[in-house]
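A short write-up of the structure that comes next.
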Amino acid sequence: MPSLGGSVGLVFAFYHLALNRQERTLRFLEHELSENLPALIASGEGEHQEFKASLRWDFRQNKLNRALESVIAKAITGFMNHRGGSLLIGVTDDGEISGLEFDYATLKNKNRDGFELFVMNLVTTRLGAHYCSNVHCLFYKIEGKDVCRVVIESSAEPVYLHEEKVSKYFLRTGNGTRELDAREAISHISSQ
């Protein structure tokens, strides 16, 4: 039977770990939110930042393309499995502002709230509802167009993207996100 002192120590250790995690989260969010969005866009894509012109609107085909949703989900998963970062939706790869207006037109609620709800539903269905707390949507008006900055916290546990009844492991590497095979995923997870 554990002693009272041992039990109190164990409770204190769990409490201390939870506080450390919250402190790291706050520091990460403070750093992310202190960044100036136009300066971030000017700095381009990198290890902690990716641009996507749209959530679901295909500018090349000029129509709704649900396959683009998977690209967003993969990016979010990759950031969670790395050190977190920002996904700027409404910004092209070369830093031009494409806006969210075409995406809004594809949604039930054709506004910022509808967009954020769609992103959170995407996280819920493709990653798991408990990961929504790692995702924060912030909206900005740039050049008269809306841009969404999805700030993604890293996860303390491995995150898998569920596609067609298969779980896949993605990781942010350099300025891209890639799928790891089973051997690479196990190696990455065990090194964390």
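Going by the structure tokens order, chains are called A, B, ..., each with residues numbered from 1, while ligands are numbered from 1 in the order shown.
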### Test item: residues at most 12 Å from Ile76 (chain A), only C-alpha atoms, excluding those fewer than 3 positions along its chain, as an MDAnalysis selection string
chainID A and resid 48:52 69:73 79:89 119:120 122:124 126:127 131:132 134:137 149:155 159:161 169:172 176:178
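For the choices A:His162, A:Ile189, A:Val147, A:Arg183, the atom-to-atom distance to Ile41 (chain A) is smallest for A:Val147 when using only C-alpha atoms.
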### Summary
Nearest to Leu37 (chain A), restricted to only C-alpha atoms and choosing among A:Val166, A:Leu107, A:Val91, A:Ile186, comes out as A:Val91
#### Entry: Those in region 4-190 of chain A with strand (DSSP E) from DSSP, as a PyMOL selection string
chain A and resi 49-52+57-58+63-64+85-89+135-142+145-152+161-163+166-173+176-180
### Message
Give me, as an NGL selection string, the residues of region 26-144 of chain A that a backbone DSSP run labels helix (DSSP H, G or I).
### Response
:A and (26-34 or 37-43 or 67-80 or 101-105 or 112-126 or 129-134)
